[in-house]
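> Quick one, input.pdb (PDB, C-alpha atoms, pLDDT in the B column):
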ATOM      1  CA  MET C   1       0.000   0.000   0.000  1.00 63.00           C
ATOM      2  CA  GLY C   2       1.566   3.294  -1.106  1.00 83.00           C
ATOM      3  CA  ILE C   3       0.965   6.913  -0.241  1.00 90.00           C
ATOM      4  CA  GLY C   4      -1.685   7.164  -2.951  1.00 91.00           C
ATOM      5  CA  CYS C   5      -3.630   4.269  -1.444  1.00 89.00           C
ATOM      6  CA  ASN C   6      -3.449   5.938   1.976  1.00 90.00           C
ATOM      7  CA  ILE C   7      -4.801   9.165   0.463  1.00 93.00           C
ATOM      8  CA  ARG C   8      -7.619   7.369  -1.348  1.00 93.00           C
ATOM      9  CA  ALA C   9      -8.585   5.385   1.766  1.00 89.00           C
ATOM     10  CA  ALA C  10      -8.651   8.530   3.933  1.00 91.00           C
ATOM     11  CA  ARG C  11     -10.656  10.404   1.293  1.00 93.00           C
ATOM     12  CA  LYS C  12     -13.221   7.611   1.017  1.00 94.00           C
ATOM     13  CA  ARG C  13     -13.531   7.260   4.825  1.00 92.00           C
ATOM     14  CA  LYS C  14     -14.406  10.939   4.916  1.00 92.00           C
ATOM     15  CA  ASN C  15     -16.854  10.588   2.006  1.00 95.00           C
ATOM     16  CA  LEU C  16     -15.004  13.162  -0.080  1.00 93.00           C
ATOM     17  CA  SER C  17     -14.722  13.161  -3.866  1.00 94.00           C
ATOM     18  CA  ILE C  18     -11.497  13.831  -5.750  1.00 92.00           C
ATOM     19  CA  GLN C  19     -13.143  17.047  -6.939  1.00 94.00           C
ATOM     20  CA  GLN C  20     -13.693  18.210  -3.341  1.00 94.00           C
ATOM     21  CA  ILE C  21     -10.034  17.553  -2.487  1.00 93.00           C
ATOM     22  CA  CYS C  22      -8.984  19.449  -5.621  1.00 94.00           C
ATOM     23  CA  GLU C  23     -11.161  22.422  -4.632  1.00 94.00           C
ATOM     24  CA  ARG C  24      -9.500  22.481  -1.194  1.00 94.00           C
ATOM     25  CA  THR C  25      -5.945  22.078  -2.514  1.00 94.00           C
ATOM     26  CA  GLY C  26      -5.974  23.777  -5.920  1.00 95.00           C
ATOM     27  CA  LEU C  27      -4.656  20.594  -7.532  1.00 93.00           C
ATOM     28  CA  SER C  28      -6.056  19.197 -10.784  1.00 94.00           C
ATOM     29  CA  GLN C  29      -8.268  16.090 -10.806  1.00 93.00           C
ATOM     30  CA  GLY C  30      -5.886  14.374 -13.239  1.00 94.00           C
ATOM     31  CA  PHE C  31      -2.937  14.959 -10.904  1.00 94.00           C
ATOM     32  CA  MET C  32      -4.925  13.734  -7.862  1.00 94.00           C
ATOM     33  CA  SER C  33      -5.950  10.625  -9.797  1.00 93.00           C
ATOM     34  CA  GLN C  34      -2.289   9.920 -10.629  1.00 94.00           C
ATOM     35  CA  VAL C  35      -1.325  10.437  -6.961  1.00 94.00           C
ATOM     36  CA  GLU C  36      -4.052   8.080  -5.714  1.00 93.00           C
ATOM     37  CA  ASN C  37      -2.999   5.442  -8.270  1.00 93.00           C
ATOM     38  CA  ASN C  38       0.663   5.784  -7.224  1.00 91.00           C
ATOM     39  CA  LYS C  39       1.619   6.923 -10.729  1.00 93.00           C
ATOM     40  CA  THR C  40       3.293  10.092  -9.470  1.00 91.00           C
ATOM     41  CA  SER C  41       4.977  11.111  -6.239  1.00 89.00           C
ATOM     42  CA  PRO C  42       3.820  14.441  -4.847  1.00 92.00           C
ATOM     43  CA  SER C  43       6.195  16.821  -3.088  1.00 93.00           C
ATOM     44  CA  ILE C  44       6.093  17.152   0.690  1.00 93.00           C
ATOM     45  CA  ALA C  45       4.383  20.553   0.285  1.00 94.00           C
ATOM     46  CA  THR C  46       1.689  18.956  -1.908  1.00 94.00           C
ATOM     47  CA  LEU C  47       1.272  16.072   0.542  1.00 94.00           C
ATOM     48  CA  ASP C  48       0.905  18.591   3.359  1.00 94.00           C
ATOM     49  CA  SER C  49      -1.813  20.383   1.379  1.00 95.00           C
ATOM     50  CA  ILE C  50      -3.625  17.076   0.758  1.00 95.00           C
ATOM     51  CA  ALA C  51      -3.289  16.091   4.433  1.00 94.00           C
ATOM     52  CA  ASN C  52      -4.785  19.439   5.480  1.00 94.00           C
ATOM     53  CA  ALA C  53      -7.661  18.964   3.030  1.00 94.00           C
ATOM     54  CA  LEU C  54      -8.290  15.507   4.488  1.00 94.00           C
ATOM     55  CA  LYS C  55      -7.794  16.774   8.059  1.00 94.00           C
ATOM     56  CA  VAL C  56      -5.251  14.049   8.828  1.00 93.00           C
ATOM     57  CA  PRO C  57      -1.646  14.404  10.012  1.00 92.00           C
ATOM     58  CA  LEU C  58       0.886  14.413   7.172  1.00 91.00           C
ATOM     59  CA  ALA C  59       2.756  11.549   8.865  1.00 89.00           C
ATOM     60  CA  PHE C  60      -0.373   9.364   8.619  1.00 88.00           C
ATOM     61  CA  LEU C  61      -0.209   9.503   4.821  1.00 89.00           C
ATOM     62  CA  LEU C  62       3.401   8.271   4.917  1.00 87.00           C
ATOM     63  CA  LEU C  63       2.783   5.193   7.071  1.00 84.00           C
ATOM     64  CA  LYS C  64       3.512   1.764   5.653  1.00 81.00           C
ATOM     65  CA  GLU C  65       0.860  -0.917   6.201  1.00 77.00           C
ATOM     66  CA  GLU C  66       2.832  -2.591   9.020  1.00 75.00           C
ATOM     67  CA  GLU C  67       3.208   0.778  10.800  1.00 77.00           C
ATOM     68  CA  ARG C  68      -0.511   1.488  10.911  1.00 78.00           C
ATOM     69  CA  MET C  69      -2.797   0.797  13.826  1.00 78.00           C
ATOM     70  CA  GLN C  70      -3.249  -2.920  14.364  1.00 82.00           C
ATOM     71  CA  VAL C  71      -6.421  -4.320  15.922  1.00 83.00           C
ATOM     72  CA  ILE C  72      -6.542  -7.814  17.391  1.00 87.00           C
ATOM     73  CA  ARG C  73      -9.976  -8.934  18.556  1.00 90.00           C
ATOM     74  CA  LYS C  74     -10.049 -11.079  21.704  1.00 88.00           C
ATOM     75  CA  ASP C  75     -11.178 -14.148  19.773  1.00 90.00           C
ATOM     76  CA  GLU C  76      -8.382 -13.653  17.186  1.00 90.00           C
ATOM     77  CA  ARG C  77      -5.435 -13.579  19.604  1.00 90.00           C
ATOM     78  CA  ARG C  78      -2.530 -15.914  19.014  1.00 91.00           C
ATOM     79  CA  LYS C  79      -2.253 -18.219  22.028  1.00 92.00           C
ATOM     80  CA  THR C  80       0.734 -20.264  23.080  1.00 89.00           C
ATOM     81  CA  LEU C  81       1.652 -22.457  26.027  1.00 86.00           C
ATOM     82  CA  TYR C  82       4.808 -21.824  28.033  1.00 86.00           C
ATOM     83  CA  GLY C  83       6.871 -24.174  30.178  1.00 80.00           C
ATOM     84  CA  LYS C  84       6.101 -27.516  31.782  1.00 80.00           C
ATOM     85  CA  ASN C  85       3.067 -26.021  33.538  1.00 79.00           C
ATOM     86  CA  ASN C  86       1.633 -24.998  30.150  1.00 82.00           C
ATOM     87  CA  LEU C  87       1.029 -21.403  31.208  1.00 88.00           C
ATOM     88  CA  GLN C  88      -1.393 -19.872  28.720  1.00 91.00           C
ATOM     89  CA  VAL C  89       0.034 -16.846  26.944  1.00 92.00           C
ATOM     90  CA  ASP C  90      -2.285 -14.607  24.912  1.00 93.00           C
ATOM     91  CA  HIS C  91      -0.310 -12.422  22.502  1.00 92.00           C
ATOM     92  CA  LEU C  92      -2.143  -9.097  22.618  1.00 93.00           C
ATOM     93  CA  GLY C  93      -0.140  -7.307  19.977  1.00 90.00           C
ATOM     94  CA  GLY C  94       3.010  -5.444  19.232  1.00 87.00           C
ATOM     95  CA  GLN C  95       4.353  -2.397  17.518  1.00 84.00           C
ATOM     96  CA  GLY C  96       7.979  -2.049  16.511  1.00 82.00           C
ATOM     97  CA  ASN C  97      10.122  -3.211  19.409  1.00 90.00           C
ATOM     98  CA  VAL C  98       7.269  -3.486  21.932  1.00 92.00           C
ATOM     99  CA  LYS C  99       4.954  -6.444  22.446  1.00 93.00           C
ATOM    100  CA  MET C 100       2.274  -7.174  25.015  1.00 95.00           C
ATOM    101  CA  MET C 101       1.083 -10.479  26.458  1.00 95.00           C
ATOM    102  CA  LEU C 102      -1.471 -11.719  28.967  1.00 96.00           C
ATOM    103  CA  VAL C 103      -0.330 -14.726  31.023  1.00 95.00           C
ATOM    104  CA  ASP C 104      -2.644 -16.984  33.036  1.00 95.00           C
ATOM    105  CA  MET C 105      -1.026 -18.901  35.904  1.00 94.00           C
ATOM    106  CA  PRO C 106      -3.102 -21.537  37.709  1.00 94.00           C
ATOM    107  CA  PRO C 107      -2.544 -21.843  41.484  1.00 94.00           C
ATOM    108  CA  GLY C 108       0.876 -23.336  42.252  1.00 92.00           C
ATOM    109  CA  SER C 109       2.161 -22.977  38.683  1.00 92.00           C
ATOM    110  CA  SER C 110       5.451 -21.286  37.912  1.00 91.00           C
ATOM    111  CA  THR C 111       8.011 -20.649  35.242  1.00 88.00           C
ATOM    112  CA  GLU C 112       9.613 -23.715  36.948  1.00 72.00           C
ATOM    113  CA  GLU C 113      13.148 -22.389  36.860  1.00 77.00           C
ATOM    114  CA  GLU C 114      14.998 -19.160  36.411  1.00 78.00           C
ATOM    115  CA  HIS C 115      15.198 -18.199  32.780  1.00 82.00           C
ATOM    116  CA  ALA C 116      16.584 -15.265  30.812  1.00 86.00           C
ATOM    117  CA  HIS C 117      15.979 -13.761  27.389  1.00 87.00           C
ATOM    118  CA  ALA C 118      16.378 -10.480  25.531  1.00 89.00           C
ATOM    119  CA  GLY C 119      14.364  -7.405  26.460  1.00 91.00           C
ATOM    120  CA  ASP C 120      13.022  -5.297  29.276  1.00 94.00           C
ATOM    121  CA  GLU C 121       9.681  -6.232  30.842  1.00 95.00           C
ATOM    122  CA  ILE C 122       6.977  -4.445  32.791  1.00 96.00           C
ATOM    123  CA  HIS C 123       4.400  -6.626  34.575  1.00 97.00           C
ATOM    124  CA  PHE C 124       1.003  -5.646  35.974  1.00 97.00           C
ATOM    125  CA  ILE C 125      -0.781  -8.155  38.210  1.00 97.00           C
ATOM    126  CA  LEU C 126      -4.447  -8.169  37.172  1.00 97.00           C
ATOM    127  CA  GLU C 127      -5.555 -11.034  39.436  1.00 97.00           C
ATOM    128  CA  GLY C 128      -4.043 -13.298  42.062  1.00 97.00           C
ATOM    129  CA  THR C 129      -0.870 -13.372  44.134  1.00 97.00           C
ATOM    130  CA  VAL C 130       2.498 -13.903  42.469  1.00 97.00           C
ATOM    131  CA  TYR C 131       5.980 -14.371  43.922  1.00 97.00           C
ATOM    132  CA  VAL C 132       8.789 -13.066  41.675  1.00 96.00           C
ATOM    133  CA  GLU C 133      12.518 -13.385  42.024  1.00 94.00           C
ATOM    134  CA  GLN C 134      15.534 -12.043  40.165  1.00 93.00           C
ATOM    135  CA  GLY C 135      18.984 -12.433  41.680  1.00 89.00           C
ATOM    136  CA  GLU C 136      18.838 -11.179  45.274  1.00 91.00           C
ATOM    137  CA  ASP C 137      15.548  -9.314  44.667  1.00 94.00           C
ATOM    138  CA  SER C 138      12.168 -10.891  45.380  1.00 94.00           C
ATOM    139  CA  ALA C 139       8.618  -9.765  46.084  1.00 96.00           C
ATOM    140  CA  THR C 140       5.137 -11.140  46.598  1.00 97.00           C
ATOM    141  CA  LEU C 141       2.699  -9.088  44.538  1.00 97.00           C
ATOM    142  CA  GLU C 142      -1.088  -8.878  44.401  1.00 97.00           C
ATOM    143  CA  ALA C 143      -3.684  -7.522  41.995  1.00 96.00           C
ATOM    144  CA  GLY C 144      -2.923  -3.889  41.192  1.00 97.00           C
ATOM    145  CA  ASP C 145       0.822  -4.218  41.856  1.00 97.00           C
ATOM    146  CA  SER C 146       3.433  -3.941  39.123  1.00 97.00           C
ATOM    147  CA  PHE C 147       7.136  -4.573  38.657  1.00 96.00           C
ATOM    148  CA  SER C 148       9.770  -4.404  35.956  1.00 95.00           C
ATOM    149  CA  TRP C 149      13.100  -6.030  35.209  1.00 94.00           C
ATOM    150  CA  ARG C 150      15.742  -6.609  32.587  1.00 93.00           C
ATOM    151  CA  ALA C 151      14.815 -10.007  31.186  1.00 91.00           C
ATOM    152  CA  ALA C 152      18.447 -10.843  30.338  1.00 91.00           C
ATOM    153  CA  ILE C 153      19.015 -11.401  34.080  1.00 92.00           C
ATOM    154  CA  PRO C 154      17.638 -14.836  35.131  1.00 92.00           C
ATOM    155  CA  HIS C 155      14.190 -14.522  36.711  1.00 93.00           C
ATOM    156  CA  TYR C 156      11.415 -16.669  38.150  1.00 92.00           C
ATOM    157  CA  ALA C 157       7.699 -16.285  38.865  1.00 94.00           C
ATOM    158  CA  LYS C 158       5.198 -18.461  40.752  1.00 94.00           C
ATOM    159  CA  ASN C 159       1.501 -18.179  41.561  1.00 95.00           C
ATOM    160  CA  VAL C 160       1.509 -18.491  45.371  1.00 96.00           C
ATOM    161  CA  GLY C 161      -2.187 -17.728  45.748  1.00 95.00           C
ATOM    162  CA  GLU C 162      -5.231 -19.984  45.917  1.00 95.00           C
ATOM    163  CA  ASN C 163      -6.752 -18.567  42.721  1.00 95.00           C
ATOM    164  CA  ASN C 164      -5.689 -18.092  39.120  1.00 95.00           C
ATOM    165  CA  ALA C 165      -3.210 -15.261  38.538  1.00 96.00           C
ATOM    166  CA  ARG C 166      -3.330 -13.062  35.443  1.00 97.00           C
ATOM    167  CA  ILE C 167      -0.365 -10.921  34.495  1.00 97.00           C
ATOM    168  CA  LEU C 168      -0.229  -8.277  31.781  1.00 97.00           C
ATOM    169  CA  ILE C 169       3.323  -8.118  30.417  1.00 96.00           C
ATOM    170  CA  SER C 170       4.844  -5.515  28.132  1.00 96.00           C
ATOM    171  CA  VAL C 171       8.216  -6.386  26.592  1.00 94.00           C
ATOM    172  CA  PHE C 172      10.614  -3.950  24.939  1.00 95.00           C
ATOM    173  CA  LEU C 173      13.303  -5.429  22.685  1.00 90.00           C
ATOM    174  CA  GLU C 174      16.338  -3.496  21.435  1.00 83.00           C
ATOM    175  CA  ALA C 175      15.991  -5.058  17.975  1.00 70.00           C
ATOM    176  CA  GLU C 176      12.731  -6.200  16.368  1.00 55.00           C
ATOM    177  CA  ASN C 177      14.263  -9.553  15.378  1.00 52.00           C
ATOM    178  CA  ASP C 178      14.796 -10.423  19.077  1.00 48.00           C
ATOM    179  CA  ALA C 179      11.022 -10.986  19.311  1.00 49.00           C
TER     180      ALA C 179
END
Show how you would write the structure in this file as structure tokens.

Amino acid sequence: MGIGCNIRAARKRKNLSIQQICERTGLSQGFMSQVENNKTSPSIATLDSIANALKVPLAFLLLKEEERMQVIRKDERRKTLYGKNNLQVDHLGGQGNVKMMLVDMPPGSSTEEEHAHAGDEIHFILEGTVYVEQGEDSATLEAGDSFSWRAAIPHYAKNVGENNARILISVFLEAENDA
């Protein structure tokens, strides 16, 4: 999807005709048609004029498909199992070097052993009571608590409560291919 496709999609979402955009920008219909069909590349000044006519940020018109907003419906999430306890991991989404997951830990389940991997993590305990440990640091956390750590340092987590624990995890990776 090129810039022209982004322009056409924005124009159609706003129920505007090419003629209306041309009236707002002073551009010819032939030129706008060529832009929308990716047959010509407009200057930044022209793109800015088109963006203003569409009432969208200029940067929005320059986004590649993979850079645009991504929506993952709850019933479309990729799900995986982790470790010997088969912890359920729902992959909520990601953008660039950041990804987000939801982990369900049944009572007594754990990551089983310390493990390490690339990235920095932030955890938010949604439900339950979880014991976490990294090196000499440890804590028992409950719903509403959060913590963060560098995942390259070996770490461990265990549900020490009587009920299921749910943890929202955001992971930042230095390089996208570390994902």
> Calculated over only C-alpha atoms, which of the candidates C:Leu54, C:Leu141, C:Ala45, C:Ile3 has the smallest distance to Gln20 in chain C?
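Closest residue, counting only C-alpha atoms: C:Leu54.
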> With a distance cut-off of 12 Å and all atoms listed in the file, select the neighbouring residues of Glu36 in chain C, excluding the residue or stretch itself and same-chain residues fewer than 5 positions from it, and output the selection as a VMD selection string.
chain C and resid 1 to 12 17 to 18 21 29 to 31 41 to 42 47 50 61
> Could you spell out the hits of the PyMOL selection byres ((chain C and resi 101-103) around 10) on the shown file, as an MDAnalysis selection string?
chainID C and resid 77:82 87:94 99:100 104:106 123:126 165:171
> At a cut-off of 10 Å, using all atoms listed in the file, what residues contact Asn52 in chain C? Leave out same-chain residues fewer than 5 positions from it and give the result as a PDB file with C-alpha atoms, in the frame of the given file.

ATOM      1  CA  ILE C  21     -10.034  17.553  -2.487  1.00 93.00           C
ATOM      2  CA  ARG C  24      -9.500  22.481  -1.194  1.00 94.00           C
ATOM      3  CA  THR C  25      -5.945  22.078  -2.514  1.00 94.00           C
ATOM      4  CA  THR C  46       1.689  18.956  -1.908  1.00 94.00           C
ATOM      5  CA  LEU C  47       1.272  16.072   0.542  1.00 94.00           C
ATOM      6  CA  PRO C  57      -1.646  14.404  10.012  1.00 92.00           C
ATOM      7  CA  LEU C  58       0.886  14.413   7.172  1.00 91.00           C
TER       8      LEU C  58
END
> Give as a ChimeraX atom specification the residues that the PyMOL selection byres ((chain C and resi 69) around 12) matches when applied to the coordinates above.
/C:60,63-68,70-72,93-96
> Based on the selection just made, write C-alpha atoms of those residues as a JSON list (two decimals), in the coordinates of the input.

[["chain", "number", "residue", "atom", "x", "y", "z"],
["C", 60, "PHE", "CA", -0.37, 9.36, 8.62],
["C", 63, "LEU", "CA", 2.78, 5.19, 7.07],
["C", 64, "LYS", "CA", 3.51, 1.76, 5.65],
["C", 65, "GLU", "CA", 0.86, -0.92, 6.20],
["C", 66, "GLU", "CA", 2.83, -2.59, 9.02],
["C", 67, "GLU", "CA", 3.21, 0.78, 10.80],
["C", 68, "ARG", "CA", -0.51, 1.49, 10.91],
["C", 70, "GLN", "CA", -3.25, -2.92, 14.36],
["C", 71, "VAL", "CA", -6.42, -4.32, 15.92],
["C", 72, "ILE", "CA", -6.54, -7.81, 17.39],
["C", 93, "GLY", "CA", -0.14, -7.31, 19.98],
["C", 94, "GLY", "CA", 3.01, -5.44, 19.23],
["C", 95, "GLN", "CA", 4.35, -2.40, 17.52],
["C", 96, "GLY", "CA", 7.98, -2.05, 16.51]]
> Which one is closest to Glu127 in chain C: C:Thr140, C:Gly161, C:Gln34, C:Phe147? Count only C-alpha atoms.
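Going through C:Thr140, C:Gly161, C:Gln34, C:Phe147 one by one, the smallest distance to Glu127 in chain C is for C:Gly161.
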> Could you check which of C:Leu27, C:Ala116, C:Val56, C:Leu173 is closest to Tyr156 in chain C, using all atoms listed in the file?
C:Ala116
> To one decimal in Å, tell me the separation between CA of Glu136 in chain C and CA of Ile122 in chain C.
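Those two atoms sit 18.5 Å apart.
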> Go through C:Ser146, C:Asn15, C:Asn164, C:Ser109 and flag the residue nearest Gly128 in chain C, using all atoms listed in the file for the distances.
C:Asn164
> For CA of Gly135 in chain C and CA of Trp149 in chain C, determine how far apart the two atoms are, in Å to one decimal place.
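CA of Trp149 in chain C lies 10.8 Å from CA of Gly135 in chain C.
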> Go through C:Asp120, C:Val160, C:Asn38, C:Arg13 one by one, measure the shortest atom-to-atom distance of each to Ser148 in chain C using only C-alpha atoms, and give the residue with the smallest value.
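Answer, going by the shortest atom-to-atom distance: C:Asp120.
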> In Å, rounded to a single decimal, give me how far CA of Arg73 in chain C is from CA of Ala157 in chain C.
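It comes out at 27.9 Å.
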> Pick out the closest residue to Val35 in chain C from this set: C:Asn97, C:Cys22, C:Gly83, C:Gly119. Count all atoms listed in the file.
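The closest residue to Val35 in chain C is C:Cys22.
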> Return the padded bounding box of range 71-82 of chain C as AutoDock Vina command-line options: axis-aligned, built from all atoms listed in the file, 4 Å added on each side, with centre and edge lengths in Å to one decimal.

--center_x -3.2 --center_y -13.4 --center_z 22.0 --size_x 24.0 --size_y 26.1 --size_z 20.1
